[in-house]
>>> print(open('query_9.cif').read())   # mmCIF, C-alpha atoms and all ligand atoms
data_upload
#
loop_
_atom_site.label_atom_id
_atom_site.label_comp_id
_atom_site.auth_asym_id
_atom_site.auth_seq_id
_atom_site.Cartn_x
_atom_site.Cartn_y
_atom_site.Cartn_z
CA MET A 1 47.00 20.40 91.04
CA LYS A 2 46.62 16.67 91.54
CA PRO A 3 49.57 14.44 90.55
CA LYS A 4 48.92 12.61 87.28
CA ILE A 5 49.12 8.84 87.11
CA TYR A 6 49.05 6.47 84.16
CA ILE A 7 48.05 2.82 84.70
CA THR A 8 49.23 0.57 81.88
CA ARG A 9 46.42 -1.99 82.08
CA LYS A 10 42.75 -1.99 82.96
CA LEU A 11 42.63 -2.80 86.67
CA PRO A 12 39.54 -3.32 88.86
CA ALA A 13 37.55 -0.17 89.55
CA ASN A 14 37.40 -0.71 93.32
CA LEU A 15 41.21 -0.55 93.47
CA VAL A 16 41.70 2.23 90.94
CA ASN A 17 38.98 4.34 92.59
CA GLN A 18 41.10 4.55 95.72
CA LEU A 19 43.32 6.90 93.74
CA SER A 20 40.72 9.12 92.15
CA SER A 21 40.24 11.69 94.92
CA GLN A 22 43.96 12.49 95.17
CA PHE A 23 45.21 11.82 91.63
CA ASP A 24 44.33 12.58 88.07
CA VAL A 25 44.23 9.00 86.74
CA ARG A 26 44.44 7.78 83.16
CA MET A 27 44.40 4.07 82.32
CA TRP A 28 44.93 1.82 79.29
CA GLU A 29 41.42 0.44 78.85
CA LYS A 30 42.17 -3.15 77.90
CA GLU A 31 42.43 -5.96 80.41
CA ASP A 32 44.12 -8.62 78.32
CA VAL A 33 46.20 -6.59 75.89
CA PRO A 34 49.30 -4.66 76.95
CA VAL A 35 49.60 -1.00 76.12
CA PRO A 36 51.55 -0.50 72.87
CA LYS A 37 54.95 1.10 73.33
CA ASP A 38 54.11 4.22 71.31
CA VAL A 39 51.04 4.85 73.49
CA LEU A 40 53.09 4.37 76.65
CA VAL A 41 55.76 6.76 75.38
CA GLU A 42 53.11 9.40 74.68
CA GLU A 43 51.35 8.93 78.04
CA ILE A 44 54.55 8.87 80.11
CA LYS A 45 55.49 12.37 78.93
CA HIS A 46 52.72 13.93 80.98
CA VAL A 47 52.57 11.96 84.22
CA ASP A 48 54.14 12.00 87.69
CA GLY A 49 53.56 8.31 88.38
CA VAL A 50 53.09 5.07 86.46
CA ILE A 51 51.61 1.76 87.60
CA SER A 52 53.10 -0.82 85.23
CA LEU A 53 52.97 -4.56 84.57
CA LEU A 54 55.83 -6.87 83.62
CA THR A 55 54.64 -6.76 79.99
CA GLU A 56 55.86 -3.17 79.64
CA GLN A 57 59.46 -2.67 78.63
CA ILE A 58 60.30 0.57 80.38
CA ASP A 59 63.74 1.08 78.89
CA LYS A 60 65.95 4.11 78.31
CA GLU A 61 63.96 5.09 75.21
CA VAL A 62 60.75 5.24 77.25
CA LEU A 63 62.35 6.82 80.31
CA ASP A 64 63.91 9.58 78.21
CA GLN A 65 60.38 10.76 77.44
CA ALA A 66 59.34 10.74 81.08
CA HIS A 67 60.08 14.38 81.81
CA LYS A 68 57.97 14.69 84.98
CA LEU A 69 57.91 11.09 86.15
CA GLN A 70 58.85 10.48 89.80
CA ILE A 71 57.76 6.91 90.50
CA ILE A 72 57.02 3.63 88.74
CA ALA A 73 55.07 1.06 90.77
CA ASN A 74 55.64 -2.26 89.00
CA MET A 75 53.04 -4.95 89.69
CA ALA A 76 55.54 -7.80 90.09
CA VAL A 77 58.33 -8.80 92.39
CA GLY A 78 60.66 -9.02 89.36
CA TYR A 79 61.63 -5.78 87.67
CA ASP A 80 63.77 -6.84 84.72
CA ASN A 81 61.25 -5.08 82.45
CA ILE A 82 62.50 -1.74 83.76
CA ASP A 83 65.91 -0.17 83.33
CA VAL A 84 66.15 0.39 87.06
CA ASP A 85 69.71 1.74 87.00
CA TYR A 86 68.85 4.38 84.44
CA ALA A 87 65.67 5.25 86.36
CA ARG A 88 67.80 5.77 89.48
CA GLU A 89 70.25 7.91 87.51
CA ILE A 90 67.49 10.25 86.40
CA GLY A 91 65.82 10.30 89.81
CA ILE A 92 62.84 7.98 89.26
CA ILE A 93 61.91 5.62 92.08
CA VAL A 94 60.83 2.09 91.16
CA THR A 95 58.78 -0.08 93.51
CA ASN A 96 57.88 -3.77 93.25
CA THR A 97 55.52 -6.16 95.06
CA PRO A 98 57.56 -8.46 97.30
CA ASP A 99 56.14 -10.59 100.14
CA VAL A 100 52.47 -10.47 99.10
CA LEU A 101 53.08 -13.08 96.38
CA THR A 102 55.58 -15.32 98.14
CA GLU A 103 53.27 -18.11 99.30
CA SER A 104 51.12 -18.28 96.14
CA THR A 105 54.22 -18.42 93.96
CA ALA A 106 55.72 -21.13 96.14
CA ASP A 107 52.45 -23.10 95.91
CA LEU A 108 52.50 -22.91 92.11
CA THR A 109 56.18 -23.81 91.94
CA PHE A 110 55.56 -26.91 94.02
CA ALA A 111 52.41 -27.74 92.06
CA LEU A 112 54.43 -27.55 88.84
CA LEU A 113 57.11 -29.78 90.34
CA MET A 114 54.49 -32.33 91.35
CA ALA A 115 52.63 -32.14 88.04
CA THR A 116 55.86 -32.74 86.16
CA ALA A 117 57.11 -35.52 88.42
CA ARG A 118 53.80 -37.38 88.44
CA ARG A 119 52.87 -36.64 84.81
CA ILE A 120 49.55 -35.13 85.86
CA VAL A 121 48.88 -33.23 82.63
CA GLU A 122 49.72 -36.25 80.47
CA ALA A 123 47.47 -38.41 82.64
CA ASN A 124 44.60 -35.96 82.33
CA ASP A 125 45.04 -35.86 78.53
CA TYR A 126 45.15 -39.66 78.52
CA ILE A 127 41.60 -39.82 79.79
CA ARG A 128 40.35 -36.87 77.74
CA ASN A 129 41.70 -38.55 74.60
CA ASP A 130 40.04 -41.83 75.55
CA GLN A 131 43.33 -43.69 75.67
CA TRP A 132 42.61 -45.47 78.98
CA ASP A 133 41.83 -49.06 78.09
CA ASN A 134 43.63 -50.98 80.82
CA TRP A 135 45.44 -50.52 84.08
CA GLY A 136 49.16 -51.34 83.69
CA PRO A 137 52.02 -51.79 86.16
CA TYR A 138 53.98 -48.83 84.75
CA LEU A 139 51.10 -46.93 83.20
CA LEU A 140 52.02 -43.23 83.41
CA ALA A 141 54.57 -44.02 86.12
CA GLY A 142 56.41 -40.91 87.23
CA SER A 143 59.12 -40.08 89.74
CA ASP A 144 58.89 -40.05 93.52
CA ILE A 145 59.04 -36.74 95.31
CA PHE A 146 59.25 -37.78 98.95
CA GLY A 147 62.75 -38.64 100.09
CA LYS A 148 64.36 -36.99 97.05
CA THR A 149 66.69 -34.00 96.92
CA ILE A 150 65.51 -30.61 95.77
CA GLY A 151 68.09 -28.08 94.61
CA LEU A 152 66.90 -24.49 94.86
CA VAL A 153 68.80 -22.01 92.75
CA GLY A 154 67.89 -18.72 94.38
CA MET A 155 67.09 -18.72 98.09
CA GLY A 156 65.16 -15.53 98.64
CA ARG A 157 61.69 -15.33 100.13
CA ILE A 158 60.10 -17.58 97.47
CA GLY A 159 62.98 -20.07 97.62
CA GLN A 160 62.53 -20.36 101.36
CA ALA A 161 58.77 -20.84 100.99
CA VAL A 162 59.35 -23.62 98.41
CA ALA A 163 61.89 -25.18 100.77
CA ARG A 164 59.29 -25.29 103.56
CA ARG A 165 56.95 -27.19 101.24
CA ALA A 166 59.78 -29.53 100.24
CA LYS A 167 60.54 -30.21 103.88
CA GLY A 168 56.92 -31.23 104.40
CA PHE A 169 57.42 -33.79 101.65
CA GLY A 170 60.45 -35.26 103.38
CA MET A 171 62.89 -33.95 100.80
CA SER A 172 66.52 -33.04 101.40
CA ILE A 173 67.24 -29.45 100.50
CA LEU A 174 70.26 -28.09 98.66
CA TYR A 175 70.46 -24.48 97.68
CA HIS A 176 72.67 -22.08 95.83
CA ASN A 177 72.41 -18.34 96.23
CA ARG A 178 74.56 -15.21 95.93
CA ASN A 179 74.79 -15.16 99.72
CA ARG A 180 74.31 -17.91 102.23
CA ASN A 181 70.91 -17.88 103.90
CA LEU A 182 71.64 -18.92 107.48
CA GLU A 183 67.98 -18.65 108.49
CA ALA A 184 67.06 -21.25 105.84
CA GLU A 185 69.94 -23.45 106.88
CA GLU A 186 68.78 -23.45 110.46
CA GLU A 187 65.01 -23.57 109.96
CA LEU A 188 64.94 -26.00 107.05
CA GLN A 189 68.22 -27.87 107.32
CA ALA A 190 69.02 -26.56 103.85
CA THR A 191 72.59 -27.16 102.70
CA TYR A 192 74.47 -24.52 100.74
CA THR A 193 76.39 -25.88 97.74
CA SER A 194 78.14 -24.55 94.67
CA PHE A 195 75.96 -24.26 91.56
CA GLU A 196 77.75 -27.21 89.94
CA ALA A 197 77.41 -29.47 92.99
CA LEU A 198 73.71 -28.64 93.20
CA LEU A 199 73.20 -29.51 89.53
CA ALA A 200 75.07 -32.78 89.93
CA ASN A 201 73.29 -33.93 93.08
CA ALA A 202 69.71 -32.67 93.03
CA ASP A 203 66.81 -34.74 91.71
CA TYR A 204 64.71 -31.60 91.23
CA ILE A 205 66.47 -28.43 90.16
CA VAL A 206 64.29 -25.39 90.71
CA SER A 207 65.16 -21.99 89.30
CA LEU A 208 63.96 -19.03 91.31
CA LEU A 209 66.59 -16.65 89.98
CA PRO A 210 65.86 -13.04 89.09
CA LEU A 211 66.90 -12.07 85.58
CA THR A 212 70.12 -10.05 85.56
CA THR A 213 73.13 -9.88 83.25
CA GLU A 214 74.78 -12.52 85.46
CA THR A 215 71.86 -14.95 85.45
CA ARG A 216 70.91 -14.73 81.73
CA HIS A 217 71.28 -18.26 80.27
CA LYS A 218 72.66 -19.56 83.56
CA PHE A 219 70.96 -22.85 82.69
CA ASN A 220 72.87 -23.63 79.51
CA LYS A 221 74.31 -26.75 77.89
CA PRO A 222 77.10 -27.25 80.45
CA ALA A 223 74.52 -26.86 83.24
CA PHE A 224 72.16 -29.46 81.75
CA ASP A 225 75.13 -31.75 81.02
CA THR A 226 75.99 -31.67 84.73
CA MET A 227 72.51 -32.81 85.84
CA LYS A 228 71.57 -36.44 86.47
CA GLN A 229 69.69 -38.24 83.71
CA SER A 230 66.81 -38.62 86.14
CA ALA A 231 66.78 -34.88 86.95
CA ILE A 232 63.64 -32.79 86.63
CA PHE A 233 64.12 -29.09 85.93
CA ILE A 234 61.58 -26.51 87.09
CA ASN A 235 61.60 -22.84 86.16
CA ALA A 236 59.28 -20.47 87.98
CA SER A 237 61.36 -17.30 87.78
CA ARG A 238 62.23 -15.77 84.40
CA GLY A 239 62.46 -17.57 81.04
CA GLN A 240 65.66 -15.90 80.01
CA VAL A 241 67.69 -17.53 82.76
CA VAL A 242 67.39 -20.64 80.57
CA ASP A 243 68.93 -21.29 77.16
CA GLU A 244 65.80 -22.97 75.77
CA GLU A 245 67.58 -24.59 72.86
CA ALA A 246 69.99 -26.26 75.30
CA LEU A 247 67.05 -27.31 77.47
CA PHE A 248 65.19 -28.77 74.52
CA ASN A 249 68.31 -30.70 73.42
CA ALA A 250 68.84 -31.99 76.97
CA LEU A 251 65.25 -33.23 77.14
CA HIS A 252 65.23 -34.63 73.65
CA SER A 253 68.50 -36.54 74.08
CA LYS A 254 67.35 -37.79 77.51
CA GLN A 255 70.24 -35.97 79.17
CA ILE A 256 67.57 -34.95 81.71
CA LYS A 257 64.18 -36.48 82.36
CA ALA A 258 61.58 -33.72 82.33
CA ALA A 259 60.89 -30.03 82.81
CA GLY A 260 58.15 -27.89 84.28
CA LEU A 261 58.13 -24.33 82.95
CA ASP A 262 56.00 -21.40 84.05
CA VAL A 263 58.13 -18.87 82.15
CA PHE A 264 59.76 -18.70 78.72
CA GLU A 265 62.44 -16.80 76.88
CA ALA A 266 59.78 -15.13 74.72
CA GLU A 267 56.29 -14.78 76.17
CA PRO A 268 53.65 -15.67 75.20
CA ILE A 269 55.14 -18.94 73.91
CA ARG A 270 53.24 -20.41 70.93
CA SER A 271 51.85 -23.94 70.58
CA ASP A 272 54.28 -24.83 67.78
CA HIS A 273 57.32 -24.26 70.01
CA PRO A 274 59.35 -27.49 70.36
CA LEU A 275 59.24 -27.31 74.16
CA VAL A 276 55.45 -27.10 74.17
CA ASN A 277 55.32 -30.20 72.00
CA SER A 278 57.63 -32.29 74.18
CA PRO A 279 55.70 -34.91 76.15
CA ASN A 280 58.09 -34.63 79.09
CA VAL A 281 57.46 -30.90 79.55
CA VAL A 282 54.66 -29.22 81.50
CA CYS A 283 54.10 -25.63 80.35
CA LEU A 284 52.17 -22.92 82.17
CA PRO A 285 51.52 -19.31 81.05
CA HIS A 286 53.48 -17.39 83.74
CA ILE A 287 50.90 -17.86 86.50
CA GLY A 288 53.16 -18.17 89.56
CA SER A 289 51.35 -15.50 91.54
CA ALA A 290 48.00 -15.88 89.80
CA THR A 291 45.46 -16.26 92.55
CA ILE A 292 42.67 -13.74 92.95
CA GLU A 293 43.80 -12.96 96.49
CA THR A 294 47.44 -12.44 95.60
CA ARG A 295 46.92 -10.47 92.40
CA THR A 296 44.55 -8.19 94.32
CA LYS A 297 47.20 -7.68 97.01
CA MET A 298 49.80 -6.90 94.33
CA ILE A 299 47.59 -4.21 92.78
CA GLN A 300 46.76 -2.83 96.23
CA LEU A 301 50.47 -2.56 97.02
CA CYS A 302 51.03 -0.56 93.81
CA VAL A 303 48.17 1.77 94.81
CA ASP A 304 49.58 2.12 98.33
CA ASN A 305 53.08 2.81 97.00
CA MET A 306 51.67 5.66 94.90
CA LYS A 307 49.68 7.14 97.77
CA ASP A 308 52.49 6.85 100.28
CA TYR A 309 55.03 8.30 97.91
CA PHE A 310 52.98 11.40 97.09
CA PHE A 311 51.01 11.86 100.30
CA GLY A 312 52.53 9.66 103.00
CA GLU A 313 55.91 8.77 104.38
CA GLY A 314 57.49 7.56 101.16
CA PRO A 315 57.13 4.42 99.02
CA ILE A 316 56.62 1.18 100.92
CA THR A 317 58.66 -1.19 98.73
CA PRO A 318 61.24 0.80 96.76
CA ILE A 319 63.96 -1.13 94.96
CA ASN A 320 66.23 1.62 93.74
CA LYS A 321 66.08 4.38 96.36
C1 LIG B 401 56.66 -11.49 89.40
O1 LIG B 401 56.00 -10.94 90.31
O2 LIG B 401 57.79 -11.13 89.12
C2 LIG B 401 56.01 -12.64 88.70
O3 LIG B 401 56.73 -13.07 87.64
C3 LIG B 401 54.58 -12.32 88.35
O4 LIG B 401 53.89 -12.35 89.53
#
>>> encode(input="query_9.cif", output="C-alpha cells")
Amino acid sequence: MKPKIYITRKLPANLVNQLSSQFDVRMWEKEDVPVPKDVLVEEIKHVDGVISLLTEQIDKEVLDQAHKLQIIANMAVGYDNIDVDYAREIGIIVTNTPDVLTESTADLTFALLMATARRIVEANDYIRNDQWDNWGPYLLAGSDIFGKTIGLVGMGRIGQAVARRAKGFGMSILYHNRNRNLEAEEELQATYTSFEALLANADYIVSLLPLTTETRHKFNKPAFDTMKQSAIFINASRGQVVDEEALFNALHSKQIKAAGLDVFEAEPIRSDHPLVNSPNVVCLPHIGSATIETRTKMIQLCVDNMKDYFFGEGPITPINK
C-alpha cells in the first residue's frame, strides 16, 4: 500500500505529480484559501505525511488526531505554526525549508529597509494622487542608508545575507544573537552587542528573530524607548515578536522615525489597522520569500523531504529529529 499524503493547499501540478507514483495524494483544492481546521483534523486522521503551509496551526488538538502521521513537511523556514515539541514527543518528524529562501528573503528585507528609509511607497502615491506640483528642497526627503549602522537582531543564515547587502551599502553592522556568529564577525566585520546596546546605537533595527516563547513581544515599549528618535525599525521575521501597540505608540509619539513591516501579529492585517494607516509605515503582506523561483524551490524541498523520508535515506531538513 502506498503511503498517504495530505497537502494543505493547492500546489502546482508539476510538483505534486512527482509524488503520485509512490504516494496516495489528497490535496485541499484552493490556492488562496487555507484549509479550515475541521477539514485538516479530519484529513490528518488517515495520512502518513502532511505537506503544510504556515497558515495551518498544527497544534496538540490537531496532532492528537494524527494517529498514523509520521512526517510534516512545512513549506517555510519558520515552524511556529506547529507544536514541534509535542510532535517530537509522539514521534512525528517535522521538516522546514531552510537555505533555499535565504537570498530572496534577504533581498526583500533590504528592499523594505530601503523603501522605508527613502519613502518610496509614499512617493509613488504622491504621483498617483496627483500631488506633485513642484520640486522642493525637502520634498519627500528620507534618511540615508550608506554610512549608517544596521543592527540585526537574529544572525542566522538570513541575518548574514542581509549583513552582506548592508556591507555593500557601506553600513556598519551590529548584531545580537543567542550565540556569537564568528563567521559573520570575520567575513562582514559585524560587531556583537547586547540587545540593549544594539537598540541604542543602530540607525536601522532589523528583526530576523524566529518566534519562540522567549522572543514573543521582544520589541516592546522598553525596547522602542531605547531606540534613537531617528531609528527605523524593520520586521521581516514574525509579527508576534513585536508588541504592535507599543510600536504604534512609538511611531505616533515620534519616539522612533519609521517602520517597515512584512509580518504582523495577526495576519492578514486589515486596512483599518492603525499601523497600516500610519504614513511612516511601509506594510507588506508577508512576502519575504515570495519569488517564483524561491517558492518553487520551497515546494520542491517539501516534496523531496517526503520522498526521502519514505523511500530514501531520511528527511533532508528535519528540525526535530
Ligand atoms: C518562512 O519561510 O518562515 C517565511 O515566513 C515564509 O517564507
>>> atom_distance(input="query_9.cif", atom1="atom CA of A:Asn235", atom2="atom CA of A:Leu251")
14.2 Å
>>> residues_near_ligand(input="query_9.cif", ligand="ligand LIG 401 (chain B)", cutoff="8 Å", atoms="all atoms listed in the file", output="PDB file with C-alpha atoms, in the frame of the given file")
ATOM      1  CA  LEU A  54      55.830  -6.870  83.620  1.00  0.00           C
ATOM      2  CA  MET A  75      53.040  -4.950  89.690  1.00  0.00           C
ATOM      3  CA  ALA A  76      55.540  -7.800  90.090  1.00  0.00           C
ATOM      4  CA  VAL A  77      58.330  -8.800  92.390  1.00  0.00           C
ATOM      5  CA  GLY A  78      60.660  -9.020  89.360  1.00  0.00           C
ATOM      6  CA  TYR A  79      61.630  -5.780  87.670  1.00  0.00           C
ATOM      7  CA  ASN A  96      57.880  -3.770  93.250  1.00  0.00           C
ATOM      8  CA  THR A  97      55.520  -6.160  95.060  1.00  0.00           C
ATOM      9  CA  PRO A  98      57.560  -8.460  97.300  1.00  0.00           C
ATOM     10  CA  LEU A 101      53.080 -13.080  96.380  1.00  0.00           C
ATOM     11  CA  THR A 105      54.220 -18.420  93.960  1.00  0.00           C
ATOM     12  CA  ALA A 236      59.280 -20.470  87.980  1.00  0.00           C
ATOM     13  CA  SER A 237      61.360 -17.300  87.780  1.00  0.00           C
ATOM     14  CA  ARG A 238      62.230 -15.770  84.400  1.00  0.00           C
ATOM     15  CA  HIS A 286      53.480 -17.390  83.740  1.00  0.00           C
ATOM     16  CA  ILE A 287      50.900 -17.860  86.500  1.00  0.00           C
ATOM     17  CA  GLY A 288      53.160 -18.170  89.560  1.00  0.00           C
ATOM     18  CA  SER A 289      51.350 -15.500  91.540  1.00  0.00           C
ATOM     19  CA  ALA A 290      48.000 -15.880  89.800  1.00  0.00           C
ATOM     20  CA  ARG A 295      46.920 -10.470  92.400  1.00  0.00           C
TER      21      ARG A 295
END
>>> residues_around(input="query_9.cif", residues="stretch 140-150 of chain A", least_positions_apart="2", cutoff="10 Å", atoms="all atoms listed in the file", output="ChimeraX atom specification")
/A:113-120,122-123,126,135-138,152-153,162-163,166-175,190,198-199,201-206,230-232,257
>>> atom_distance(input="query_9.cif", atom1="atom CA of A:Arg165", atom2="atom CA of A:Pro318")
28.7 Å
>>> closest_residue(input="query_9.cif", among="A:Val100, A:Val62, A:Ile316, A:Met306", to="A:Asp48", atoms="only C-alpha atoms")
A:Met306
>>> closest_residue(input="query_9.cif", among="A:Asn134, A:Ser271, A:Lys228, A:Tyr6", to="A:Val303", atoms="only C-alpha atoms")
A:Tyr6
>>> atom_distance(input="query_9.cif", atom1="atom CA of A:Glu214", atom2="atom CA of A:Asp64")
25.7 Å
>>> residues_around(input="query_9.cif", residues="A:Leu112", least_positions_apart="6", cutoff="8 Å", atoms="all atoms listed in the file", output="ChimeraX atom specification")
/A:234,260-262,282
>>> write_last_selection(input="query_9.cif", atoms="C-alpha atoms", output="PDB file, in the frame of the given file")
ATOM      1  CA  ILE A 234      61.580 -26.510  87.090  1.00  0.00           C
ATOM      2  CA  GLY A 260      58.150 -27.890  84.280  1.00  0.00           C
ATOM      3  CA  LEU A 261      58.130 -24.330  82.950  1.00  0.00           C
ATOM      4  CA  ASP A 262      56.000 -21.400  84.050  1.00  0.00           C
ATOM      5  CA  VAL A 282      54.660 -29.220  81.500  1.00  0.00           C
TER       6      VAL A 282
END
>>> closest_residue(input="query_9.cif", among="A:Thr291, A:Ile72, A:Glu61, A:Phe224", to="A:Thr317", atoms="only C-alpha atoms")
A:Ile72
>>> closest_residue(input="query_9.cif", among="A:Gln57, A:Gln70, A:Asn277, A:Thr294", to="A:Ile5", atoms="only C-alpha atoms")
A:Gln70
>>> closest_residue(input="query_9.cif", among="A:Lys2, A:Arg180, A:Lys297, A:Lys221", to="A:Asn249", atoms="all atoms listed in the file")
A:Lys221
>>> residues_around(input="query_9.cif", residues="A:Lys45", least_positions_apart="4", cutoff="6 Å", atoms="all atoms listed in the file", output="PyMOL selection string")
chain A and resi 65-67
>>> residues_around(input="query_9.cif", residues="A:Asn177", least_positions_apart="4", cutoff="9 Å", atoms="only C-alpha atoms", output="number ranges by chain")
A: 152-156, 181, 192-195, 209
>>> residues_around(input="query_9.cif", residues="A:Ala106", least_positions_apart="2", cutoff="6 Å", atoms="all atoms listed in the file", output="PyMOL selection string")
chain A and resi 103-104+108-109+158+161-162
>>> closest_residue(input="query_9.cif", among="A:Leu69, A:Val242, A:Leu19, A:Val281", to="A:Ala258", atoms="all atoms listed in the file")
A:Val281
>>> decode(input="query_9.cif", residues="stretch 66-113 of chain A", atoms="C-alpha atoms", output="PDB file, in the first residue's frame")
ATOM      1  CA  ALA A  66      -2.962  12.205  13.662  1.00  0.00           C
ATOM      2  CA  HIS A  67      -2.928   8.518  14.527  1.00  0.00           C
ATOM      3  CA  LYS A  68      -0.757   7.352  11.618  1.00  0.00           C
ATOM      4  CA  LEU A  69       1.165  10.520  10.838  1.00  0.00           C
ATOM      5  CA  GLN A  70       4.954  10.187  10.579  1.00  0.00           C
ATOM      6  CA  ILE A  71       6.110  13.418   8.967  1.00  0.00           C
ATOM      7  CA  ILE A  72       5.049  17.026   8.445  1.00  0.00           C
ATOM      8  CA  ALA A  73       6.917  18.931   5.726  1.00  0.00           C
ATOM      9  CA  ASN A  74       6.265  22.611   6.443  1.00  0.00           C
ATOM     10  CA  MET A  75       6.718  24.964   3.495  1.00  0.00           C
ATOM     11  CA  ALA A  76       8.554  27.671   5.450  1.00  0.00           C
ATOM     12  CA  VAL A  77      11.789  28.107   7.309  1.00  0.00           C
ATOM     13  CA  GLY A  78       9.789  29.162  10.404  1.00  0.00           C
ATOM     14  CA  TYR A  79       7.757  26.499  12.156  1.00  0.00           C
ATOM     15  CA  ASP A  80       5.979  28.346  14.956  1.00  0.00           C
ATOM     16  CA  ASN A  81       2.681  27.175  13.423  1.00  0.00           C
ATOM     17  CA  ILE A  82       3.477  23.633  14.563  1.00  0.00           C
ATOM     18  CA  ASP A  83       3.777  22.314  18.097  1.00  0.00           C
ATOM     19  CA  VAL A  84       7.142  20.816  17.278  1.00  0.00           C
ATOM     20  CA  ASP A  85       7.888  19.613  20.808  1.00  0.00           C
ATOM     21  CA  TYR A  86       4.633  17.705  21.029  1.00  0.00           C
ATOM     22  CA  ALA A  87       5.190  16.295  17.534  1.00  0.00           C
ATOM     23  CA  ARG A  88       8.593  15.028  18.678  1.00  0.00           C
ATOM     24  CA  GLU A  89       7.046  13.531  21.810  1.00  0.00           C
ATOM     25  CA  ILE A  90       4.596  11.497  19.763  1.00  0.00           C
ATOM     26  CA  GLY A  91       7.193  10.528  17.175  1.00  0.00           C
ATOM     27  CA  ILE A  92       6.312  12.830  14.262  1.00  0.00           C
ATOM     28  CA  ILE A  93       9.174  14.356  12.298  1.00  0.00           C
ATOM     29  CA  VAL A  94       8.839  17.977  11.180  1.00  0.00           C
ATOM     30  CA  THR A  95      10.872  19.408   8.313  1.00  0.00           C
ATOM     31  CA  ASN A  96      11.230  23.025   7.154  1.00  0.00           C
ATOM     32  CA  THR A  97      12.721  24.798   4.124  1.00  0.00           C
ATOM     33  CA  PRO A  98      15.976  26.482   5.161  1.00  0.00           C
ATOM     34  CA  ASP A  99      18.647  27.772   2.740  1.00  0.00           C
ATOM     35  CA  VAL A 100      16.513  27.840  -0.418  1.00  0.00           C
ATOM     36  CA  LEU A 101      14.822  31.078   0.695  1.00  0.00           C
ATOM     37  CA  THR A 102      17.764  32.842   2.309  1.00  0.00           C
ATOM     38  CA  GLU A 103      18.772  35.176  -0.512  1.00  0.00           C
ATOM     39  CA  SER A 104      15.233  36.107  -1.628  1.00  0.00           C
ATOM     40  CA  THR A 105      14.237  36.889   1.941  1.00  0.00           C
ATOM     41  CA  ALA A 106      17.358  38.976   2.439  1.00  0.00           C
ATOM     42  CA  ASP A 107      16.596  40.860  -0.808  1.00  0.00           C
ATOM     43  CA  LEU A 108      13.078  41.664   0.388  1.00  0.00           C
ATOM     44  CA  THR A 109      14.292  42.668   3.846  1.00  0.00           C
ATOM     45  CA  PHE A 110      16.751  45.098   2.316  1.00  0.00           C
ATOM     46  CA  ALA A 111      14.159  46.334  -0.180  1.00  0.00           C
ATOM     47  CA  LEU A 112      11.788  47.036   2.714  1.00  0.00           C
ATOM     48  CA  LEU A 113      14.536  48.865   4.586  1.00  0.00           C
TER      49      LEU A 113
END
